[in-house]
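Chemist: File follows, my_file_24.pdb with PDB, C-alpha atoms:
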```
ATOM      1  CA  MET A   1     -34.741 -14.279  -0.748
ATOM      2  CA  ARG A   2     -32.864 -10.969  -0.579
ATOM      3  CA  PRO A   3     -33.605 -10.208   3.121
ATOM      4  CA  ALA A   4     -32.192 -13.584   4.215
ATOM      5  CA  PHE A   5     -29.173 -13.181   1.899
ATOM      6  CA  GLU A   6     -28.513  -9.655   3.178
ATOM      7  CA  GLN A   7     -28.904 -10.631   6.839
ATOM      8  CA  ARG A   8     -26.566 -13.605   6.514
ATOM      9  CA  LEU A   9     -23.868 -11.479   4.880
ATOM     10  CA  LYS A  10     -24.317  -8.779   7.550
ATOM     11  CA  ASP A  11     -23.893 -11.467  10.208
ATOM     12  CA  LEU A  12     -20.639 -12.475   8.505
ATOM     13  CA  GLY A  13     -19.385  -8.877   8.730
ATOM     14  CA  TYR A  14     -19.887  -7.651   5.157
ATOM     15  CA  GLY A  15     -20.882  -4.032   4.539
ATOM     16  CA  PRO A  16     -23.709  -2.641   2.400
ATOM     17  CA  LEU A  17     -21.658  -2.021  -0.751
ATOM     18  CA  ALA A  18     -20.281  -5.565  -0.811
ATOM     19  CA  ILE A  19     -23.750  -7.045  -0.219
ATOM     20  CA  VAL A  20     -25.377  -5.044  -3.033
ATOM     21  CA  HIS A  21     -22.702  -6.001  -5.562
ATOM     22  CA  ALA A  22     -22.793  -9.679  -4.588
ATOM     23  CA  PHE A  23     -26.599  -9.805  -4.800
ATOM     24  CA  SER A  24     -26.561  -8.070  -8.196
ATOM     25  CA  THR A  25     -24.013 -10.570  -9.465
ATOM     26  CA  LEU A  26     -26.081 -13.557  -8.326
ATOM     27  CA  THR A  27     -29.386 -12.238  -9.676
ATOM     28  CA  GLY A  28     -27.783 -11.514 -13.058
ATOM     29  CA  PRO A  29     -25.682 -13.802 -15.200
ATOM     30  CA  GLY A  30     -22.952 -14.102 -12.521
ATOM     31  CA  THR A  31     -21.792 -17.238 -10.752
ATOM     32  CA  VAL A  32     -21.277 -17.908  -7.050
ATOM     33  CA  THR A  33     -17.514 -17.622  -7.634
ATOM     34  CA  GLU A  34     -17.987 -14.179  -9.197
ATOM     35  CA  ALA A  35     -20.222 -13.107  -6.303
ATOM     36  CA  LEU A  36     -17.555 -14.180  -3.818
ATOM     37  CA  ALA A  37     -14.985 -12.177  -5.779
ATOM     38  CA  GLU A  38     -17.297  -9.128  -5.586
ATOM     39  CA  LEU A  39     -17.595  -9.595  -1.819
ATOM     40  CA  ALA A  40     -13.815  -9.749  -1.440
ATOM     41  CA  GLN A  41     -13.179  -6.706  -3.663
ATOM     42  CA  ASN A  42     -15.854  -4.458  -2.174
ATOM     43  CA  THR A  43     -15.062  -5.458   1.398
ATOM     44  CA  ARG A  44     -11.500  -4.235   0.868
ATOM     45  CA  LEU A  45     -12.760  -0.918  -0.486
ATOM     46  CA  GLU A  46     -15.131  -0.460   2.464
ATOM     47  CA  ARG A  47     -12.238  -0.772   4.914
ATOM     48  CA  SER A  48     -11.073   2.798   4.449
ATOM     49  CA  THR A  49      -9.931   3.265   8.051
ATOM     50  CA  ALA A  50      -6.162   3.230   8.058
ATOM     51  CA  VAL A  51      -4.437   0.764  10.370
ATOM     52  CA  ALA A  52      -0.867   1.458  11.474
ATOM     53  CA  LEU A  53       1.582  -1.318  10.643
ATOM     54  CA  ASP A  54       4.802  -2.276  12.397
ATOM     55  CA  TYR A  55       7.949  -1.814  10.315
ATOM     56  CA  GLU A  56      11.690  -1.613  10.590
ATOM     57  CA  THR A  57      14.243   0.114   8.386
ATOM     58  CA  VAL A  58      16.879  -2.355   7.215
ATOM     59  CA  GLU A  59      18.737  -0.281   4.593
ATOM     60  CA  GLN A  60      19.156   3.501   4.449
ATOM     61  CA  GLN A  61      20.437   4.468   0.994
ATOM     62  CA  PRO A  62      17.503   6.363  -0.584
ATOM     63  CA  GLY A  63      19.463   8.001  -3.421
ATOM     64  CA  LEU A  64      18.749  11.541  -2.207
ATOM     65  CA  PRO A  65      21.075  14.479  -2.953
ATOM     66  CA  VAL A  66      24.046  14.791  -0.597
ATOM     67  CA  GLY A  67      23.105  16.430   2.709
ATOM     68  CA  HIS A  68      19.455  15.303   2.681
ATOM     69  CA  SER A  69      18.032  12.783   5.163
ATOM     70  CA  LEU A  70      14.926  10.619   4.938
ATOM     71  CA  THR A  71      12.716   9.768   7.935
ATOM     72  CA  ILE A  72       9.792   7.355   7.654
ATOM     73  CA  THR A  73       6.961   8.894   9.683
ATOM     74  CA  GLY A  74       4.450   6.061   9.439
ATOM     75  CA  VAL A  75       3.211   3.017   7.536
ATOM     76  CA  ASP A  76      -0.541   2.401   7.256
ATOM     77  CA  ARG A  77      -2.797  -0.124   5.559
ATOM     78  CA  ASP A  78      -6.267   0.741   4.282
ATOM     79  CA  GLY A  79      -8.627  -0.632   1.648
ATOM     80  CA  TYR A  80      -6.531   0.829  -1.168
ATOM     81  CA  GLY A  81      -2.978  -0.140  -0.288
ATOM     82  CA  ILE A  82       0.027   0.206   1.981
ATOM     83  CA  ARG A  83       0.955   3.874   2.478
ATOM     84  CA  ILE A  84       4.444   4.884   3.500
ATOM     85  CA  ASN A  85       4.726   8.482   4.743
ATOM     86  CA  TYR A  86       8.075  10.241   4.957
ATOM     87  CA  THR A  87       9.874  13.507   5.647
ATOM     88  CA  ILE A  88      13.059  14.750   3.962
ATOM     89  CA  ARG A  89      15.267  17.410   5.537
ATOM     90  CA  PRO A  90      16.331  19.895   4.278
ATOM     91  CA  PRO A  91      13.611  20.328   1.640
ATOM     92  CA  LEU A  92      14.340  18.920  -1.797
ATOM     93  CA  PRO A  93      14.999  21.515  -4.491
ATOM     94  CA  PRO A  94      12.475  21.811  -7.321
ATOM     95  CA  PRO A  95      11.688  19.918  -9.430
ATOM     96  CA  ALA A  96      11.773  17.219  -6.795
ATOM     97  CA  GLY A  97      10.143  14.001  -7.860
ATOM     98  CA  ARG A  98       8.684  11.232  -5.804
ATOM     99  CA  PRO A  99      10.621   8.004  -5.216
ATOM    100  CA  ARG A 100      10.208   4.790  -7.151
ATOM    101  CA  GLY A 101       9.033   1.869  -5.069
ATOM    102  CA  GLU A 102       9.119  -1.907  -5.425
ATOM    103  CA  ALA A 103       8.094  -4.609  -2.966
ATOM    104  CA  ARG A 104       8.273  -8.358  -2.396
ATOM    105  CA  ASP A 105       6.235 -10.349   0.058
ATOM    106  CA  ASP A 106       7.267 -13.469   1.965
ATOM    107  CA  HIS A 107       5.713 -15.641  -0.788
ATOM    108  CA  ALA A 108       7.969 -14.103  -3.502
ATOM    109  CA  TYR A 109       5.198 -12.015  -5.120
ATOM    110  CA  GLU A 110       6.474  -8.686  -6.465
ATOM    111  CA  TYR A 111       4.675  -5.341  -6.521
ATOM    112  CA  ALA A 112       5.312  -1.933  -8.146
ATOM    113  CA  ASP A 113       4.256   1.297  -6.472
ATOM    114  CA  LEU A 114       0.859   2.811  -7.272
ATOM    115  CA  GLY A 115       2.127   6.373  -7.022
ATOM    116  CA  GLY A 116       2.424   8.914  -4.299
ATOM    117  CA  PHE A 117       2.789  12.573  -3.472
ATOM    118  CA  ILE A 118       5.543  14.955  -2.515
ATOM    119  CA  CYS A 119       5.257  18.557  -1.283
ATOM    120  CA  LEU A 120       7.051  21.300   0.590
ATOM    121  CA  ALA A 121       5.807  21.413   4.191
ATOM    122  CA  LYS A 122       5.390  24.455   6.355
ATOM    123  CA  PRO A 123       7.407  26.015   7.931
ATOM    124  CA  LEU A 124       9.201  25.239   4.629
ATOM    125  CA  ASP A 125      12.041  23.411   6.356
ATOM    126  CA  ARG A 126      11.238  19.946   4.983
ATOM    127  CA  THR A 127       9.661  17.983   2.161
ATOM    128  CA  THR A 128       6.887  15.549   3.046
ATOM    129  CA  GLY A 129       5.497  12.785   0.928
ATOM    130  CA  GLY A 130       3.929   9.401   0.676
ATOM    131  CA  LEU A 131       4.276   6.296  -1.447
ATOM    132  CA  THR A 132       1.474   3.772  -1.956
ATOM    133  CA  MET A 133       2.086   0.095  -2.613
ATOM    134  CA  PRO A 134      -0.692  -2.294  -3.665
ATOM    135  CA  LEU A 135      -2.277  -4.542  -1.084
ATOM    136  CA  PRO A 136      -0.272  -7.761  -0.958
ATOM    137  CA  GLN A 137      -1.873 -11.125  -1.597
ATOM    138  CA  PRO A 138      -3.892 -12.316   1.431
ATOM    139  CA  ARG A 139      -1.461 -14.993   2.673
ATOM    140  CA  ALA A 140       1.464 -12.564   2.945
ATOM    141  CA  SER A 141       2.657 -11.730   6.456
ATOM    142  CA  LEU A 142       5.786  -9.693   5.603
ATOM    143  CA  LEU A 143       6.394  -7.087   2.903
ATOM    144  CA  ARG A 144       9.832  -5.769   1.961
ATOM    145  CA  VAL A 145       9.562  -2.336   0.330
ATOM    146  CA  ARG A 146      12.476  -0.628  -1.386
ATOM    147  CA  MET A 147      12.291   3.023  -2.399
ATOM    148  CA  SER A 148      14.804   5.322  -4.050
ATOM    149  CA  TRP A 149      15.114   8.710  -5.714
ATOM    150  CA  SER A 150      17.940   7.379  -7.904
ATOM    151  CA  GLN A 151      17.307   7.631 -11.650
ATOM    152  CA  ALA A 152      18.993   4.275 -12.357
ATOM    153  CA  PRO A 153      16.902   2.375 -14.939
ATOM    154  CA  THR A 154      17.340  -1.023 -13.267
ATOM    155  CA  SER A 155      15.307  -2.781 -10.591
ATOM    156  CA  LEU A 156      15.569  -1.390  -7.063
ATOM    157  CA  TRP A 157      16.680  -4.868  -5.971
ATOM    158  CA  GLU A 158      19.923  -4.427  -7.952
ATOM    159  CA  TYR A 159      21.344  -1.397  -6.113
ATOM    160  CA  SER A 160      21.232   0.482  -2.816
ATOM    161  CA  ALA A 161      17.859   1.861  -1.701
ATOM    162  CA  HIS A 162      15.879   2.636   1.436
ATOM    163  CA  GLU A 163      14.312  -0.653   2.542
ATOM    164  CA  LEU A 164      11.538  -1.298   5.027
ATOM    165  CA  ARG A 165      10.312  -4.614   6.384
ATOM    166  CA  ILE A 166       6.626  -4.273   7.106
ATOM    167  CA  THR A 167       4.681  -6.747   9.239
ATOM    168  CA  LEU A 168       1.227  -7.291   7.733
TER
END
```
Show me this structure written as structure tokens.
Modeler:
Amino acid sequence: MRPAFEQRLKDLGYGPLAIVHAFSTLTGPGTVTEALAELAQNTRLERSTAVALDYETVEQQPGLPVGHSLTITGVDRDGYGIRINYTIRPPLPPPAGRPRGEARDDHAYEYADLGGFICLAKPLDRTTGGLTMPLPQPRASLLRVRMSWSQAPTSLWEYSAHELRITL
């Protein structure tokens, strides 16, 4: 039965990793529902090619030190999340931390950032970084992301931040 199962899933566009996990689930103690969940999860992970997303900046108060400016250099979606890449000029002084990020989709689901990176970029005239947000729920078509370097302990929705509206 495996060749027919594998061929049908290939015809539907699933990759090898997703097929193996789904088949293992069905031949073990798993249910059809669990096999479908495996297909969904592993299909997302197999889509590692980043896809550029359209976005617009709607608020520009990132909580950076005076005299520093933030430029968003790209927003991409891959199998792991939504990645927001940025540049800060002039470079942030050490110990510069990464921003906090929070998001809401157009169905009122909320998301916290998964982490990111920040580094001094050659020719040492800027800081570059990235922030990763989780993949939104499948029905979402718009994601509002707020990010800030402010150390305020409250939600980013309660004070000024840098906000992007991302079309999914």
Chemist: With the file shown as input, list the residues that the PyMOL selection byres ((chain A and resi 127) around 9) selects, as a list in words.
Modeler: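 Evaluating the PyMOL selection byres ((chain A and resi 127) around 9) on these coordinates yields Tyr86, Thr87, Ile88, Arg89, Pro90, Pro91, Leu92, Ile118, Cys119, Leu120, Ala121, Lys122, Leu124, Asp125, Arg126, Thr128 and Gly129 of chain A.
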Chemist: Quick one: pull the distance between CA of Gly97 (chain A) and CA of Thr167 (chain A), Å, one decimal.
Modeler: 27.4 Å
Chemist: Can you work out which one of A:Ser150, A:Val75, A:Ser155, A:Tyr80 has the shortest atom-to-atom distance to Ala112 (chain A), counting all atoms listed in the file?
Modeler: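 Among the listed residues, A:Ser155 lies closest to Ala112 (chain A).
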Chemist: For Thr132 (chain A), which residue among A:Ile82, A:Val145, A:Ala108, A:Leu164 is the nearest when counting all atoms listed in the file?
Modeler: A:Ile82
Chemist: Check the smallest atom-to-atom distance from each of A:Leu53, A:Val58, A:Ala103, A:Leu131 to Ile84 (chain A) using all atoms listed in the file, then report the winner.
Modeler: A:Leu131
Chemist: Applying the PyMOL selection byres ((chain A and resi 134) around 12) to the file I just gave you, which residues come out? Please list them as a ChimeraX atom specification.
Modeler: /A:44,76-84,101-105,109-116,131-133,135-138,143,145
Chemist: Which one of A:Gln7, A:Thr33, A:Ser69, A:Asn85 sits closest to Ala52 (chain A) if you count all atoms listed in the file?
Modeler: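 Among the listed residues, the smallest separation from Ala52 (chain A) belongs to A:Asn85.
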Chemist: Around (12.8, 10.6, -6.0) in the file's own coordinates, what residues are found within 8 Å if you use only C-alpha atoms, given back as a JSON list (two decimals) with C-alpha atoms, keeping the file's coordinate frame?
Modeler:
```
[["chain", "number", "residue", "atom", "x", "y", "z"],
["A", 63, "GLY", "CA", 19.46, 8.00, -3.42],
["A", 64, "LEU", "CA", 18.75, 11.54, -2.21],
["A", 96, "ALA", "CA", 11.77, 17.22, -6.80],
["A", 97, "GLY", "CA", 10.14, 14.00, -7.86],
["A", 98, "ARG", "CA", 8.68, 11.23, -5.80],
["A", 99, "PRO", "CA", 10.62, 8.00, -5.22],
["A", 100, "ARG", "CA", 10.21, 4.79, -7.15],
["A", 148, "SER", "CA", 14.80, 5.32, -4.05],
["A", 149, "TRP", "CA", 15.11, 8.71, -5.71],
["A", 150, "SER", "CA", 17.94, 7.38, -7.90],
["A", 151, "GLN", "CA", 17.31, 7.63, -11.65]]
```
Chemist: With all atoms listed in the file as the atoms that count, which of A:Gly74, A:Gly67, A:Leu168, A:Asp54 lies nearest to Asp106 (chain A)?
Modeler: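 Closest residue, counting all atoms listed in the file: A:Leu168.
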Chemist: Can you tell me, as a short mmCIF file (atom, residue, chain, number, x, y, z; two decimals) with C-alpha atoms, keeping the file's coordinate frame, which residues sit within 9 Å of (14.9, -4.4, 9.4) in the file's frame, using only C-alpha atoms?
Modeler:
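Result went into part-v2.cif, see below:
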```cif
data_model
loop_
_atom_site.label_atom_id
_atom_site.label_comp_id
_atom_site.auth_asym_id
_atom_site.auth_seq_id
_atom_site.Cartn_x
_atom_site.Cartn_y
_atom_site.Cartn_z
CA TYR A 55 7.95 -1.81 10.32
CA GLU A 56 11.69 -1.61 10.59
CA THR A 57 14.24 0.11 8.39
CA VAL A 58 16.88 -2.36 7.22
CA GLU A 59 18.74 -0.28 4.59
CA GLU A 163 14.31 -0.65 2.54
CA LEU A 164 11.54 -1.30 5.03
CA ARG A 165 10.31 -4.61 6.38
CA ILE A 166 6.63 -4.27 7.11
#
```
Chemist: What is the distance between CA of Ala4 (chain A) and CA of Ala40 (chain A), in Å to one decimal?
Modeler: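 For CA of Ala4 (chain A) relative to CA of Ala40 (chain A), the distance reads 19.6 Å.
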Chemist: Between A:Arg144, A:His107, A:His21, A:Arg2, which has the minimum distance to Glu34 (chain A) (counting all atoms listed in the file)?
Modeler: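 Closest residue, counting all atoms listed in the file: A:His21.
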Chemist: To one decimal place in Å, what is the distance between CA of Leu39 (chain A) and CA of Gly13 (chain A)?
Modeler: 10.7 Å
Chemist: Centre and edge lengths, as lines of an AutoDock Vina configuration file, for the axis-aligned box enclosing every listed atom of region 89-98 of chain A with 5 Å of padding on each of the six sides, in Å to one decimal?
Modeler:
```
center_x = 12.5
center_y = 16.5
center_z = -1.9
size_x = 17.6
size_y = 20.6
size_z = 25.0
```
Chemist: Can you patch up region 140-151 of chain A, filling it in to all heavy atoms, and show the result as an mmCIF file, keeping the file's coordinate frame?
Modeler:
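Dumped to part.cif:
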```
data_model
loop_
_atom_site.group_PDB
_atom_site.id
_atom_site.type_symbol
_atom_site.label_atom_id
_atom_site.label_comp_id
_atom_site.auth_asym_id
_atom_site.auth_seq_id
_atom_site.Cartn_x
_atom_site.Cartn_y
_atom_site.Cartn_z
ATOM 1 N N ALA A 140 0.198 -13.211 2.587
ATOM 2 C CA ALA A 140 1.464 -12.564 2.945
ATOM 3 C C ALA A 140 1.439 -12.068 4.391
ATOM 4 O O ALA A 140 0.439 -11.552 4.865
ATOM 5 C CB ALA A 140 1.745 -11.402 2.005
ATOM 6 N N SER A 141 2.555 -12.231 5.086
ATOM 7 C CA SER A 141 2.657 -11.730 6.456
ATOM 8 C C SER A 141 3.804 -10.721 6.605
ATOM 9 O O SER A 141 3.901 -10.054 7.622
ATOM 10 C CB SER A 141 2.866 -12.891 7.435
ATOM 11 O OG SER A 141 4.052 -13.582 7.137
ATOM 12 N N LEU A 142 4.655 -10.623 5.581
ATOM 13 C CA LEU A 142 5.786 -9.693 5.603
ATOM 14 C C LEU A 142 5.939 -9.086 4.219
ATOM 15 O O LEU A 142 5.827 -9.787 3.209
ATOM 16 C CB LEU A 142 7.074 -10.434 5.988
ATOM 17 C CG LEU A 142 8.335 -9.590 6.071
ATOM 18 C CD1 LEU A 142 8.291 -8.680 7.298
ATOM 19 C CD2 LEU A 142 9.563 -10.477 6.130
ATOM 20 N N LEU A 143 6.190 -7.783 4.163
ATOM 21 C CA LEU A 143 6.394 -7.087 2.903
ATOM 22 C C LEU A 143 7.686 -6.294 2.990
ATOM 23 O O LEU A 143 7.863 -5.503 3.916
ATOM 24 C CB LEU A 143 5.215 -6.147 2.620
ATOM 25 C CG LEU A 143 5.200 -5.455 1.270
ATOM 26 C CD1 LEU A 143 4.986 -6.489 0.157
ATOM 27 C CD2 LEU A 143 4.100 -4.401 1.226
ATOM 28 N N ARG A 144 8.593 -6.554 2.064
ATOM 29 C CA ARG A 144 9.832 -5.769 1.961
ATOM 30 C C ARG A 144 9.607 -4.713 0.884
ATOM 31 O O ARG A 144 9.279 -5.034 -0.249
ATOM 32 C CB ARG A 144 11.000 -6.662 1.557
ATOM 33 C CG ARG A 144 11.379 -7.662 2.623
ATOM 34 C CD ARG A 144 12.460 -8.616 2.155
ATOM 35 N NE ARG A 144 13.628 -7.929 1.643
ATOM 36 C CZ ARG A 144 14.441 -8.437 0.709
ATOM 37 N NH1 ARG A 144 14.207 -9.625 0.199
ATOM 38 N NH2 ARG A 144 15.485 -7.755 0.286
ATOM 39 N N VAL A 145 9.759 -3.445 1.262
ATOM 40 C CA VAL A 145 9.562 -2.336 0.330
ATOM 41 C C VAL A 145 10.875 -1.601 0.174
ATOM 42 O O VAL A 145 11.508 -1.231 1.164
ATOM 43 C CB VAL A 145 8.470 -1.362 0.834
ATOM 44 C CG1 VAL A 145 8.344 -0.172 -0.109
ATOM 45 C CG2 VAL A 145 7.139 -2.073 0.984
ATOM 46 N N ARG A 146 11.273 -1.412 -1.076
ATOM 47 C CA ARG A 146 12.476 -0.628 -1.386
ATOM 48 C C ARG A 146 12.040 0.615 -2.133
ATOM 49 O O ARG A 146 11.201 0.553 -3.019
ATOM 50 C CB ARG A 146 13.463 -1.446 -2.209
ATOM 51 C CG ARG A 146 14.052 -2.590 -1.382
ATOM 52 C CD ARG A 146 14.977 -3.468 -2.195
ATOM 53 N NE ARG A 146 16.208 -2.828 -2.609
ATOM 54 C CZ ARG A 146 17.309 -2.691 -1.860
ATOM 55 N NH1 ARG A 146 17.317 -3.150 -0.626
ATOM 56 N NH2 ARG A 146 18.391 -2.105 -2.336
ATOM 57 N N MET A 147 12.606 1.759 -1.748
ATOM 58 C CA MET A 147 12.291 3.023 -2.399
ATOM 59 C C MET A 147 13.567 3.813 -2.611
ATOM 60 O O MET A 147 14.510 3.718 -1.814
ATOM 61 C CB MET A 147 11.266 3.818 -1.579
ATOM 62 C CG MET A 147 11.633 4.055 -0.147
ATOM 63 S SD MET A 147 10.271 4.634 0.890
ATOM 64 C CE MET A 147 10.122 6.330 0.397
ATOM 65 N N SER A 148 13.607 4.559 -3.733
ATOM 66 C CA SER A 148 14.804 5.322 -4.050
ATOM 67 C C SER A 148 14.468 6.483 -4.978
ATOM 68 O O SER A 148 13.573 6.378 -5.815
ATOM 69 C CB SER A 148 15.841 4.409 -4.729
ATOM 70 O OG SER A 148 16.982 5.149 -5.086
ATOM 71 N N TRP A 149 15.217 7.563 -4.823
ATOM 72 C CA TRP A 149 15.114 8.710 -5.714
ATOM 73 C C TRP A 149 16.142 8.609 -6.836
ATOM 74 O O TRP A 149 16.194 9.461 -7.702
ATOM 75 C CB TRP A 149 15.320 10.006 -4.928
ATOM 76 C CG TRP A 149 14.090 10.464 -4.231
ATOM 77 C CD1 TRP A 149 13.233 11.427 -4.666
ATOM 78 C CD2 TRP A 149 13.559 10.001 -2.996
ATOM 79 N NE1 TRP A 149 12.194 11.570 -3.781
ATOM 80 C CE2 TRP A 149 12.371 10.711 -2.736
ATOM 81 C CE3 TRP A 149 13.946 9.036 -2.075
ATOM 82 C CZ2 TRP A 149 11.589 10.506 -1.610
ATOM 83 C CZ3 TRP A 149 13.175 8.825 -0.958
ATOM 84 C CH2 TRP A 149 12.018 9.555 -0.731
ATOM 85 N N SER A 150 16.948 7.572 -6.848
ATOM 86 C CA SER A 150 17.940 7.379 -7.904
ATOM 87 C C SER A 150 17.234 7.236 -9.256
ATOM 88 O O SER A 150 16.147 6.668 -9.345
ATOM 89 C CB SER A 150 18.765 6.120 -7.613
ATOM 90 O OG SER A 150 19.562 5.809 -8.734
ATOM 91 N N GLN A 151 17.868 7.727 -10.299
ATOM 92 C CA GLN A 151 17.307 7.631 -11.650
ATOM 93 C C GLN A 151 17.806 6.403 -12.394
ATOM 94 O O GLN A 151 17.573 6.264 -13.594
ATOM 95 C CB GLN A 151 17.658 8.898 -12.434
ATOM 96 C CG GLN A 151 17.104 10.169 -11.808
ATOM 97 C CD GLN A 151 15.592 10.130 -11.654
ATOM 98 O OE1 GLN A 151 14.878 9.762 -12.573
ATOM 99 N NE2 GLN A 151 15.097 10.490 -10.475
#
```
